[in-house]
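*Asks:* A single structure is presented below for examination.
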Amino acid sequence: MTAPRDKFGRPIVVVTGMGVVTSLGAGKEDNWARLTAGESGIRTVTRFPIDGLKTTMAGTVDFVTVDPSSSTGLTERLADIAAEEALGQSGIGSKGDFPGPLFLAVAPVEVEWPQRIEVGQAVGKADFDVNDLLAISGGGKFAKYHHRFMFGSVAGYLAEKFGTKGSPISLSTACASGATAIQLGVEAIRRGEADAALCVATDGSVNPEALIRFSLLSALSTQNDPPQAASKPFSKNRDGFVMAEGAGALVLESYEAAMARGAPILGVVAGCGELTDSFHRTRSSPDGKPIIGCMHKTLADAGLTTDQIDHINAHGTATPENDRMEFQTMFNVFGERAKQIPVSSNKSMVGHTISAAGAVEAIFSLLTLEHQRIPPTINYDVPDPAIPLDVVPNKARDARVTAVMSNSFGFGGQNASLILTREPI
Amino acid sequence: MTEPKEVWITGIGIVSSLGEGLDAHWDALNARRINVDEKRFAPYVVHPLAPVSFDAQIPKKGDQRQMEAWQRIGTYAAGLALDSAGVKGNQEILGRMDMIVAAGGGERDVPVDMAILNSYAKGNSSPAFLNERLLNDLRPTLFLAQLSNLLAGNIAIVHGVSGTSRTFMGEEAASIDAARIALARIASGQSDIALVGAAHNGERTDLLILYEFGDFNLTDRFAPVWARDKDDSGFALGSAGVFLVMESREHAEARGAKPYARLTKVVADLAQRKQPGAVTKSLEALWPKLGTLGDDGALITGTTGVEPVTSEEKAFLSQHPGYAVRATGTMFGHTLETQFPLGLALAALSISRGALFPPNDPTGLEIEKSGAPAQIVVMGAGHWQGEGLALVEAIK
């Protein structure tokens with residue numbers, strides 16, 4: 001029996017349950033089958049009018065609907081589905097009684113346009129100002145919108161439904177949020193505060209304003225036709241990311257607690273690391289030092305050397321800058337080996353699930369370890385000579401994989417990495 | 001497991017409706033000063049930010065332009081905290097400093113929203129209408145000025161705090177958890193030094209609308225928190241930014257830093273408020289987790305003035321009648337995410353000044369307390385969910 005503590009004397013943190021929803025489908029089975037078949041979940045948006053938009057496709061989760069429709073409502077529902085699946089697999093606790101805290105990566109919340117328009121129409125006259133709007137906002141007619149559009153509403157719902165313990169934490173580290181949620185869970189277990197943590201990351205925010213905001217920052221691909229080919233990580237003709245929806249949920253447990261209850265052990269979160277980039281609000285420091293430092297911190301946290309990483313689940317957004325920077329920094333950390341390590345971007349198929357991405361991709365990394373099969377980077381027809389990576393082009397590949405590094409980088413200088421292994425190392 | 005490390009508060013930055021910095025706040029609290037505006041957003045009452053020269057902490061105008069007011073307030077307060085801790089510009093420390101920010105989001109472009117809503121009201125709304133208006137009228141940089149994690153991003157850019165950066169969201173509870181996690185990480189050796197805090201701009205019609213949906217706003221006339229009765233309940237939004245530098249005792253001693261106080265414990269929970277009395281019960285359950293407390297201590301609370309939670313907090317306080325209570329909501333208004341760091345800051349400040357500031361309450365709930373407080377409990381309960389307590393102590 002392996003010692004339940006790692007080489008630094010900390011409790012080993014294992015994964016005993018996983019759940020995932022993306023534009024490819026609900027559940028690990030569906031997602032894995034379609035991911036390894038190289039299918040794309042990106043489609044032309046039908047949820048709202050796309051007239052006038054430069055980007056008209058996204059990885060929307062159209063098979064889940066909520067009524068009344070809102071991005072926050074969908075975000076909540078996706079988290080709910082993913083958490084149900086993770087808890088079902090883990091078998092931990094009992095229904096409505098999860099024995100640990102909740103860490104939730106979730107997009108920032110605001111009142112959304114359908115609701116804003118509804119309130120505006122309740123004013124009942126043609127020319128009105130914000131004071132008129134204020135005057136009719138109270139009295140309870142719109143009380144549900146207060147609750148819906150509080151930042152803590154999704155976590156509050158999940159905490160009540162699943163009976164997580166203590167104060168649930170909602171967090172955002174932009175596109176690294178999912179990784180941060182896992183990191184918070186790992187840290188809590190390592191501190192001995194909890195034997196288990198429910199880490200959920202969710203994003204259902206494909207709505208007109210969100211799409212337009214990213215569009216105004218020139219961050220999105222505009223290769224709308226065909227939508228399935230829009231997301232082209234590491235290709236020379238990549239032109240931006242594709243917004244997408246999804247959720248990932250992981251039940252983390254101390255190895256000791258998991259073994260004691262005979263839980264399925266799906267993998268190990270061997271290391272976590274983060275390092276802030278203070279260069280610019282949306283751009284990485286040109287020398288890549290914060291990303292390089294983030295990867296080194298993560299390796300050190302896991303107690304592994306670069307030689308022991310045999311697959312990288314890239315951030316791989318398909319923005320011109322991200323992918324170039326990601327290669328440069330990988331090359332710095334892994335040296336010439338960077339060109340041999342298989343590197344996949346799941347975003348080529350599911351798009352960029354923003355707040356959920358770090359957790360969704362951690363789950364895909366764990367499935368890679370389980371199946372010993374690496375999902376491809378699709379839409380890779382025009383290699384970028386400046387990025388000489390083995391991106392597992394277009395077709396999944398069987399391979400021996402023992403340790404995966406999963407990287408997430410976000411606006412606001414957010415960099416976070418995870419190292420996942422099949423067994424404790 | 002090794003013994004938990006002692007955690008000190010070695011830096012405090014405050015900017016609020018009462019001014020900026022520790023001396024200004026200490027003087028204002030002792031003078032029972034309140035800065036409240038009943039006219040600008042009438043009938044809604046707000047505590048507006050005191051005049052601040054942002055240049056002092058955010059020297060580049062370009063940086064200021066990239067920020068919304070809440071980010072400027074927070075970045076400013078963070079700078080004050082770093083100055084207060086003596087680490088401003090110390091790249092070696094800032095480069096490994098952890099940061100946890102509790103944040104909401106930024107202000108919307110209200111004129112743009114209103115123009116769109118008026119067009120809808122007039123029936124000028126083809127399917128493409130919303131897309132067209134947003135594409136043409138939204139400022140590209142506004143997104144970044146609104147994004148929750150961009151307060152932390154701006155603090156990294158302006159002040160160079162670049163170890164780690166995490167943003168917690170979820171109204172009042174976000175900052176209770178920010179303090180709780182920072183303390184736990186330092187106490188366990190996962191972190192040596194952290195910047196923790198929040199910022200709130202209370203002078204926003206979009207926020208007033210959001211809270212008006214739930215009838216949470218105080219209207220017409222200002223009243224101290226404890227004097228708001230059930231028919232006249234509500235909070236007056238307040239503008240404030242508060243940041244704290246927390247570090248392990250050994251880290252502080254090694255660099256010769258002078259502490260304000262020790263942060264001993266932070267506990268939090270999420271009562272299911274469908275049951276009346278749930279918050280009272282939850283606070284009672286959290287109380288013994290703080291450690292050994294005297295019967296006649298001091299307690300600084302962020303009580304909002306909204307019902308039913310204010311009555312539940314009062315019921316909790318009535319079980320600890322020896323405690324000298326101070327409600328920050330009376331002087332500062334309700335500052336949402338900033339509520340709890342503000343309580344921690346005033347507790348640490350009081351301990352460092354060897355006195356609790358005087359009551360500011362006509363109802364008599366707040367009692368006089370003389371002498372130097374050795375312990376101050378900080379309490380925060382969200383206006384609709386989440387509650388927590390902290391213990392701040394004098395350093396032995």
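Labels for the structure tokens follow display order: chains A, B, ..., residues from 1 in each chain, ligands from 1.
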Could you give me, as a Markdown table, every chain B residue with an atom at most 6 Å from chain A, plus its closest atom pair and distance in Å to one decimal, counting only C-alpha atoms, rows ordered by chain then number?

*Replies:*
| residue | atom | partner | partner_atom | distance |
| --- | --- | --- | --- | --- |
| B:Leu117 | CA | A:Gly120 | CA | 5.9 |
| B:Ala121 | CA | A:Ala126 | CA | 5.3 |
| B:Lys122 | CA | A:Ala126 | CA | 5.6 |
| B:Pro127 | CA | A:Pro49 | CA | 5.9 |
| B:Ala128 | CA | A:Asp51 | CA | 5.0 |
| B:Pro140 | CA | A:Leu216 | CA | 5.2 |
| B:Asn149 | CA | A:Thr173 | CA | 5.9 |
| B:Leu150 | CA | A:Gly412 | CA | 5.4 |
| B:Gly153 | CA | A:Gly412 | CA | 4.3 |
| B:Ala156 | CA | A:Ser278 | CA | 4.9 |
| B:Ile157 | CA | A:Ser278 | CA | 4.5 |
| B:Ser162 | CA | A:Thr276 | CA | 4.7 |
| B:Gly163 | CA | A:Leu275 | CA | 5.5 |
| B:Thr164 | CA | A:Leu275 | CA | 5.1 |
| B:Arg166 | CA | A:Thr173 | CA | 5.9 |
| B:Thr167 | CA | A:Ser172 | CA | 5.3 |
| B:Phe168 | CA | A:Leu171 | CA | 4.2 |
| B:Met169 | CA | A:Ser170 | CA | 5.2 |
| B:Gly170 | CA | A:Gly152 | CA | 3.7 |
| B:Ile209 | CA | A:Leu134 | CA | 5.4 |
| B:Leu210 | CA | A:His146 | CA | 5.8 |
| B:Glu212 | CA | A:Gly138 | CA | 4.9 |
| B:Phe213 | CA | A:Ala143 | CA | 4.8 |
| B:Gly214 | CA | A:Ala143 | CA | 4.7 |
| B:Asp215 | CA | A:Gly138 | CA | 5.3 |
| B:Ala268 | CA | A:Ser167 | CA | 5.6 |
| B:Asp269 | CA | A:Ser167 | CA | 4.3 |
| B:Leu270 | CA | A:Ser167 | CA | 5.1 |

*Asks:* Residues of range 45-264 of chain B in strand (DSSP E) according to DSSP, as an mmCIF file with N, CA and C atoms, in the first residue's frame?

*Replies:*
data_model
loop_
_atom_site.group_PDB
_atom_site.id
_atom_site.type_symbol
_atom_site.label_atom_id
_atom_site.label_comp_id
_atom_site.auth_asym_id
_atom_site.auth_seq_id
_atom_site.Cartn_x
_atom_site.Cartn_y
_atom_site.Cartn_z
ATOM 1 N N VAL B 45 -30.422 56.826 0.068
ATOM 2 C CA VAL B 45 -29.386 57.438 0.892
ATOM 3 C C VAL B 45 -28.070 56.718 0.614
ATOM 4 N N VAL B 46 -27.006 57.469 0.375
ATOM 5 C CA VAL B 46 -25.694 56.826 0.172
ATOM 6 C C VAL B 46 -24.617 57.552 0.981
ATOM 7 N N HIS B 47 -23.544 56.815 1.264
ATOM 8 C CA HIS B 47 -22.360 57.393 1.903
ATOM 9 C C HIS B 47 -21.306 57.549 0.808
ATOM 10 N N ASP B 98 0.842 36.800 -1.940
ATOM 11 C CA ASP B 98 -0.443 36.249 -2.372
ATOM 12 C C ASP B 98 -1.511 37.316 -2.220
ATOM 13 N N MET B 99 -2.509 37.247 -3.079
ATOM 14 C CA MET B 99 -3.572 38.264 -3.036
ATOM 15 C C MET B 99 -4.930 37.561 -3.138
ATOM 16 N N ILE B 100 -5.816 37.922 -2.228
ATOM 17 C CA ILE B 100 -7.204 37.468 -2.375
ATOM 18 C C ILE B 100 -8.096 38.705 -2.299
ATOM 19 N N VAL B 101 -8.785 38.958 -3.376
ATOM 20 C CA VAL B 101 -9.665 40.111 -3.465
ATOM 21 C C VAL B 101 -11.107 39.615 -3.456
ATOM 22 N N ALA B 102 -11.953 40.285 -2.679
ATOM 23 C CA ALA B 102 -13.388 39.999 -2.744
ATOM 24 C C ALA B 102 -14.019 41.066 -3.626
ATOM 25 N N THR B 164 0.450 35.411 -6.210
ATOM 26 C CA THR B 164 -0.750 34.763 -6.731
ATOM 27 C C THR B 164 -1.911 35.726 -6.612
ATOM 28 N N SER B 165 -2.966 35.434 -7.326
ATOM 29 C CA SER B 165 -4.096 36.349 -7.400
ATOM 30 C C SER B 165 -5.380 35.549 -7.512
ATOM 31 N N ARG B 166 -6.217 35.698 -6.516
ATOM 32 C CA ARG B 166 -7.509 35.001 -6.538
ATOM 33 C C ARG B 166 -8.597 36.005 -6.219
ATOM 34 N N THR B 167 -9.693 35.901 -6.915
ATOM 35 C CA THR B 167 -10.822 36.784 -6.673
ATOM 36 C C THR B 167 -12.004 35.955 -6.216
ATOM 37 N N PHE B 168 -12.517 36.287 -5.037
ATOM 38 C CA PHE B 168 -13.711 35.623 -4.536
ATOM 39 C C PHE B 168 -14.902 36.530 -4.790
ATOM 40 N N MET B 169 -16.031 35.931 -5.112
ATOM 41 C CA MET B 169 -17.243 36.695 -5.377
ATOM 42 C C MET B 169 -18.352 36.174 -4.467
ATOM 43 N N ILE B 193 2.824 35.723 3.171
ATOM 44 C CA ILE B 193 2.307 37.095 3.251
ATOM 45 C C ILE B 193 1.220 37.265 2.199
ATOM 46 N N ALA B 194 0.165 37.958 2.574
ATOM 47 C CA ALA B 194 -0.964 38.097 1.647
ATOM 48 C C ALA B 194 -1.585 39.476 1.760
ATOM 49 N N LEU B 195 -2.095 39.928 0.635
ATOM 50 C CA LEU B 195 -2.877 41.165 0.579
ATOM 51 C C LEU B 195 -4.337 40.752 0.392
ATOM 52 N N VAL B 196 -5.184 41.209 1.308
ATOM 53 C CA VAL B 196 -6.578 40.759 1.304
ATOM 54 C C VAL B 196 -7.490 41.972 1.442
ATOM 55 N N GLY B 197 -8.505 42.055 0.616
ATOM 56 C CA GLY B 197 -9.417 43.173 0.784
ATOM 57 C C GLY B 197 -10.453 43.247 -0.304
ATOM 58 N N ALA B 198 -11.101 44.411 -0.364
ATOM 59 C CA ALA B 198 -12.214 44.576 -1.278
ATOM 60 C C ALA B 198 -12.453 46.063 -1.518
ATOM 61 N N ALA B 199 -13.284 46.339 -2.490
ATOM 62 C CA ALA B 199 -13.647 47.722 -2.771
ATOM 63 C C ALA B 199 -15.092 47.770 -3.227
ATOM 64 N N HIS B 200 -15.731 48.874 -2.915
ATOM 65 C CA HIS B 200 -17.134 49.012 -3.297
ATOM 66 C C HIS B 200 -17.415 50.464 -3.651
ATOM 67 N N LEU B 237 -26.113 52.366 0.730
ATOM 68 C CA LEU B 237 -24.864 51.903 0.130
ATOM 69 C C LEU B 237 -23.736 52.875 0.458
ATOM 70 N N GLY B 238 -22.563 52.324 0.699
ATOM 71 C CA GLY B 238 -21.406 53.147 1.017
ATOM 72 C C GLY B 238 -20.247 52.830 0.095
ATOM 73 N N ALA B 240 -16.299 52.450 -0.314
ATOM 74 C CA ALA B 240 -15.111 52.227 0.519
ATOM 75 C C ALA B 240 -14.209 51.192 -0.121
ATOM 76 N N GLY B 241 -12.933 51.320 0.168
ATOM 77 C CA GLY B 241 -11.965 50.291 -0.187
ATOM 78 C C GLY B 241 -11.131 49.990 1.044
ATOM 79 N N VAL B 242 -10.968 48.722 1.337
ATOM 80 C CA VAL B 242 -10.156 48.339 2.493
ATOM 81 C C VAL B 242 -9.265 47.148 2.119
ATOM 82 N N PHE B 243 -7.990 47.287 2.368
ATOM 83 C CA PHE B 243 -7.068 46.161 2.182
ATOM 84 C C PHE B 243 -6.206 45.979 3.424
ATOM 85 N N LEU B 244 -5.854 44.736 3.672
ATOM 86 C CA LEU B 244 -5.012 44.379 4.811
ATOM 87 C C LEU B 244 -3.822 43.581 4.311
ATOM 88 N N VAL B 245 -2.677 43.816 4.907
ATOM 89 C CA VAL B 245 -1.542 42.921 4.689
ATOM 90 C C VAL B 245 -1.482 41.988 5.887
ATOM 91 N N MET B 246 -1.526 40.689 5.600
ATOM 92 C CA MET B 246 -1.437 39.679 6.657
ATOM 93 C C MET B 246 -0.172 38.877 6.418
ATOM 94 N N GLU B 247 0.518 38.549 7.483
ATOM 95 C CA GLU B 247 1.710 37.714 7.290
ATOM 96 C C GLU B 247 1.992 36.897 8.539
ATOM 97 N N SER B 248 2.800 35.900 8.349
ATOM 98 C CA SER B 248 3.160 35.070 9.502
ATOM 99 C C SER B 248 4.043 35.897 10.423
ATOM 100 N N ALA B 261 -2.128 44.119 14.896
ATOM 101 C CA ALA B 261 -2.857 43.161 15.724
ATOM 102 C C ALA B 261 -2.631 41.772 15.156
ATOM 103 N N ARG B 262 -3.136 40.809 15.867
ATOM 104 C CA ARG B 262 -3.068 39.433 15.402
ATOM 105 C C ARG B 262 -4.449 39.031 14.884
ATOM 106 N N LEU B 263 -4.491 38.357 13.752
ATOM 107 C CA LEU B 263 -5.750 37.770 13.280
ATOM 108 C C LEU B 263 -5.727 36.312 13.725
ATOM 109 N N THR B 264 -6.569 36.007 14.696
ATOM 110 C CA THR B 264 -6.484 34.689 15.336
ATOM 111 C C THR B 264 -7.373 33.659 14.661
#

*Asks:* List as a list in words the protein and nucleic acid residues near Val52 in chain B, meaning an atom at most 10 Å away when only C-alpha atoms are counted, but skip any in the same chain fewer than 6 places from it.

*Replies:*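 Near Val52 in chain B, the qualifying residues are Val15, Ser16, Ser17, Gly19, Glu20, Ile73 and Tyr76 of chain B.
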
*Asks:* Since we have the selection now, will you write its residues out, keeping N, CA and C atoms, as a short mmCIF file (atom, residue, chain, number, x, y, z; two decimals), in the first residue's frame?

*Replies:*
data_model
loop_
_atom_site.label_atom_id
_atom_site.label_comp_id
_atom_site.auth_asym_id
_atom_site.auth_seq_id
_atom_site.Cartn_x
_atom_site.Cartn_y
_atom_site.Cartn_z
N VAL B 15 -9.93 53.65 2.54
CA VAL B 15 -10.47 54.89 1.98
C VAL B 15 -11.98 54.71 1.99
N SER B 16 -12.68 55.76 2.41
CA SER B 16 -14.13 55.61 2.58
C SER B 16 -14.80 56.98 2.53
N SER B 17 -16.05 57.00 2.91
CA SER B 17 -16.78 58.26 2.98
C SER B 17 -16.20 59.17 4.07
N GLY B 19 -12.93 59.55 4.62
CA GLY B 19 -11.59 60.03 4.28
C GLY B 19 -10.67 58.89 3.92
N GLU B 20 -9.38 59.14 4.08
CA GLU B 20 -8.43 58.09 3.76
C GLU B 20 -7.37 58.00 4.84
N ILE B 73 -10.89 52.77 -6.42
CA ILE B 73 -11.00 52.79 -4.95
C ILE B 73 -10.18 51.65 -4.35
N TYR B 76 -6.39 52.00 -4.93
CA TYR B 76 -5.91 53.04 -4.03
C TYR B 76 -5.73 52.49 -2.61
#

*Asks:* Do you have the CA of Leu218 in chain B-CA of Leu336 in chain B distance handy?

*Replies:*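 Computing it gives 14.4 Å between the two atoms.
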
*Asks:* Pick from B:Arg249, B:Arg353, B:Lys230, B:Arg108: nearest to Asp206 in chain B, with only C-alpha atoms counted?

*Replies:*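 Ranked by minimum distance to Asp206 in chain B, first place goes to B:Arg108.
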
*Asks:* So which residues touch Leu389 in chain B within 8 Å, counting only C-alpha atoms, skipping near sequence neighbours fewer than 6 positions away, as a list in words?

*Replies:*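 Those residues are Ile176, Val266, Val267, Ala268, Leu283, Leu286, Trp287, Leu290, Val377, Val378, Met379 and Gly380 of chain B.
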
*Asks:* Nearest to Leu250 in chain A: which of A:Ser69, A:Thr202, A:Ser348, A:Thr306 is it, counting only C-alpha atoms?

*Replies:*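 Looking only at the distances to Leu250 in chain A, the closest residue turns out to be A:Thr202.
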
*Asks:* From the DSSP assignment of the backbone, select every residue of range 213-293 of chain A that is helix (DSSP H, G or I), and format the answer as number ranges by chain.

*Replies:* A: 213-216, 227-229, 255-260, 289-293

*Asks:* Can you write out the residues you just picked, keeping N, CA and C atoms, as a tab-separated table (two decimals), in the first residue's frame?

*Replies:*
chain	number	residue	atom	x	y	z
A	213	ARG	N	-18.77	41.77	-26.05
A	213	ARG	CA	-17.65	42.28	-25.25
A	213	ARG	C	-16.33	41.63	-25.68
A	214	PHE	N	-16.34	40.31	-25.83
A	214	PHE	CA	-15.11	39.65	-26.27
A	214	PHE	C	-14.76	40.06	-27.70
A	215	SER	N	-15.80	40.25	-28.50
A	215	SER	CA	-15.61	40.64	-29.88
A	215	SER	C	-14.95	42.02	-29.96
A	216	LEU	N	-15.39	42.92	-29.09
A	216	LEU	CA	-14.83	44.28	-29.09
A	216	LEU	C	-13.36	44.28	-28.67
A	227	PRO	N	-18.77	26.57	-38.78
A	227	PRO	CA	-18.47	26.84	-37.37
A	227	PRO	C	-17.55	25.79	-36.73
A	228	GLN	N	-17.69	24.54	-37.18
A	228	GLN	CA	-16.91	23.45	-36.58
A	228	GLN	C	-15.40	23.65	-36.79
A	229	ALA	N	-15.05	24.44	-37.79
A	229	ALA	CA	-13.63	24.61	-38.13
A	229	ALA	C	-13.06	25.91	-37.56
A	255	TYR	N	-6.36	10.76	-0.05
A	255	TYR	CA	-6.16	9.37	-0.46
A	255	TYR	C	-6.58	8.44	0.67
A	256	GLU	N	-6.25	8.87	1.88
A	256	GLU	CA	-6.56	8.06	3.05
A	256	GLU	C	-8.07	7.84	3.19
A	257	ALA	N	-8.81	8.94	3.09
A	257	ALA	CA	-10.27	8.84	3.24
A	257	ALA	C	-10.88	8.03	2.10
A	258	ALA	N	-10.36	8.23	0.90
A	258	ALA	CA	-10.89	7.50	-0.26
A	258	ALA	C	-10.64	6.01	-0.12
A	259	MET	N	-9.43	5.68	0.32
A	259	MET	CA	-9.11	4.25	0.49
A	259	MET	C	-9.96	3.64	1.59
A	260	ALA	N	-10.14	4.40	2.65
A	260	ALA	CA	-10.89	3.88	3.81
A	260	ALA	C	-12.31	3.50	3.43
A	289	LYS	N	7.83	35.18	-18.52
A	289	LYS	CA	8.34	34.72	-17.20
A	289	LYS	C	7.24	34.26	-16.24
A	290	PRO	N	6.11	35.00	-16.16
A	290	PRO	CA	5.08	34.53	-15.21
A	290	PRO	C	4.52	33.14	-15.58
A	291	ILE	N	4.35	32.87	-16.85
A	291	ILE	CA	3.84	31.55	-17.25
A	291	ILE	C	4.91	30.49	-16.98
A	292	ILE	N	6.14	30.81	-17.31
A	292	ILE	CA	7.24	29.88	-17.06
A	292	ILE	C	7.32	29.58	-15.57
A	293	GLY	N	7.25	30.64	-14.77
A	293	GLY	CA	7.31	30.47	-13.32
A	293	GLY	C	6.14	29.66	-12.79

*Asks:* Might you pull out every residue within 9 Å of Ile186 in chain B, with only C-alpha atoms counted and same-chain residues fewer than 2 positions away left off, and present them as an mmCIF file with C-alpha atoms, in the first residue's frame?

*Replies:*
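part.cif, written as the output of this step:
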data_model
loop_
_atom_site.group_PDB
_atom_site.id
_atom_site.type_symbol
_atom_site.label_atom_id
_atom_site.label_comp_id
_atom_site.auth_asym_id
_atom_site.auth_seq_id
_atom_site.Cartn_x
_atom_site.Cartn_y
_atom_site.Cartn_z
ATOM 1 C CA PRO B 4 -0.283 26.644 13.120
ATOM 2 C CA LYS B 5 1.661 29.842 12.599
ATOM 3 C CA GLU B 6 0.580 33.075 14.230
ATOM 4 C CA VAL B 7 -0.758 35.547 11.686
ATOM 5 C CA ILE B 181 -8.588 31.357 3.358
ATOM 6 C CA ALA B 182 -5.683 33.805 3.615
ATOM 7 C CA LEU B 183 -5.428 33.125 7.343
ATOM 8 C CA ALA B 184 -5.614 29.357 6.838
ATOM 9 C CA SER B 188 -0.489 26.288 7.655
ATOM 10 C CA GLY B 189 2.634 27.505 5.886
ATOM 11 C CA GLN B 190 1.082 27.524 2.390
ATOM 12 C CA SER B 191 1.719 31.278 2.228
ATOM 13 C CA ASP B 192 3.952 33.777 4.054
ATOM 14 C CA ILE B 193 2.307 37.095 3.251
ATOM 15 C CA ALA B 194 -0.964 38.097 1.647
ATOM 16 C CA MET B 246 -1.437 39.679 6.657
ATOM 17 C CA GLU B 247 1.710 37.714 7.290
ATOM 18 C CA SER B 248 3.160 35.070 9.502
#

*Asks:* Name the closest residue to Asp229 in chain B among the candidates B:Asn118, B:Leu147, B:Thr363, B:Pro341; distances are taken between atoms, counting only C-alpha atoms.

*Replies:*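 The shortest atom-to-atom distance to Asp229 in chain B comes from B:Thr363.
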
*Asks:* For Gly185 in chain A, work out the shell of residues within 7 Å, counting only C-alpha atoms and skipping chain neighbours fewer than 2 positions away, then give it as a list in words.

*Replies:* Phe103, Ala181, Ile182, Gln183, Glu187, Ala188, Ile189, Ala197, Cys199 and Leu252 of chain A

*Asks:* Can those selected residues be exported to a file as a short mmCIF file (atom, residue, chain, number, x, y, z; two decimals), in the first residue's frame so that it contains N, CA and C atoms?

*Replies:*
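Written out: part13.cif:
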data_model
loop_
_atom_site.label_atom_id
_atom_site.label_comp_id
_atom_site.auth_asym_id
_atom_site.auth_seq_id
_atom_site.Cartn_x
_atom_site.Cartn_y
_atom_site.Cartn_z
N PHE A 103 -16.12 24.62 -3.69
CA PHE A 103 -15.36 25.68 -4.36
C PHE A 103 -15.91 25.78 -5.78
N ALA A 181 -10.37 26.64 -8.70
CA ALA A 181 -11.33 25.94 -7.84
C ALA A 181 -10.73 24.61 -7.35
N ILE A 182 -10.06 23.92 -8.26
CA ILE A 182 -9.42 22.64 -7.89
C ILE A 182 -8.28 22.90 -6.90
N GLN A 183 -7.53 23.95 -7.17
CA GLN A 183 -6.41 24.28 -6.28
C GLN A 183 -6.90 24.58 -4.86
N GLU A 187 -5.76 22.51 -1.57
CA GLU A 187 -5.14 23.17 -0.41
C GLU A 187 -5.91 22.86 0.88
N ALA A 188 -7.24 22.87 0.80
CA ALA A 188 -8.04 22.61 2.01
C ALA A 188 -7.77 21.20 2.52
N ILE A 189 -7.67 20.23 1.60
CA ILE A 189 -7.41 18.84 2.02
C ILE A 189 -5.98 18.71 2.55
N ALA A 197 -13.61 17.61 -0.88
CA ALA A 197 -14.06 18.92 -1.36
C ALA A 197 -14.76 18.71 -2.70
N CYS A 199 -15.38 20.47 -6.09
CA CYS A 199 -14.85 21.57 -6.90
C CYS A 199 -15.63 21.60 -8.21
N LEU A 252 -12.89 15.78 -4.81
CA LEU A 252 -11.53 15.54 -4.34
C LEU A 252 -11.60 14.94 -2.94
#

*Asks:* Just want the 8 Å neighbourhood of Trp226 in chain B, counted on only C-alpha atoms, with same-chain residues fewer than 6 positions away dropped. Output as a list in words.

*Replies:*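 That gives Gly305, Asp361, Thr363 and Leu365 of chain B.
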
*Asks:* Rank A:Arg148, A:Gly19, A:Gln308, A:Gly240 by their smallest atom-to-atom distance to Thr55 in chain A, using only C-alpha atoms, and report the top residue only.

*Replies:*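 Nearest to Thr55 in chain A: A:Gly240.
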
*Asks:* Using Å and a single decimal, report how far CA of Gly93 in chain A sits from CA of Asn31 in chain A.

*Replies:* 26.2 Å

*Asks:* Between CA of Pro385 in chain A and CA of Thr353 in chain A, what is the distance in Å, rounded to a tenth?

*Replies:* 27.4 Å
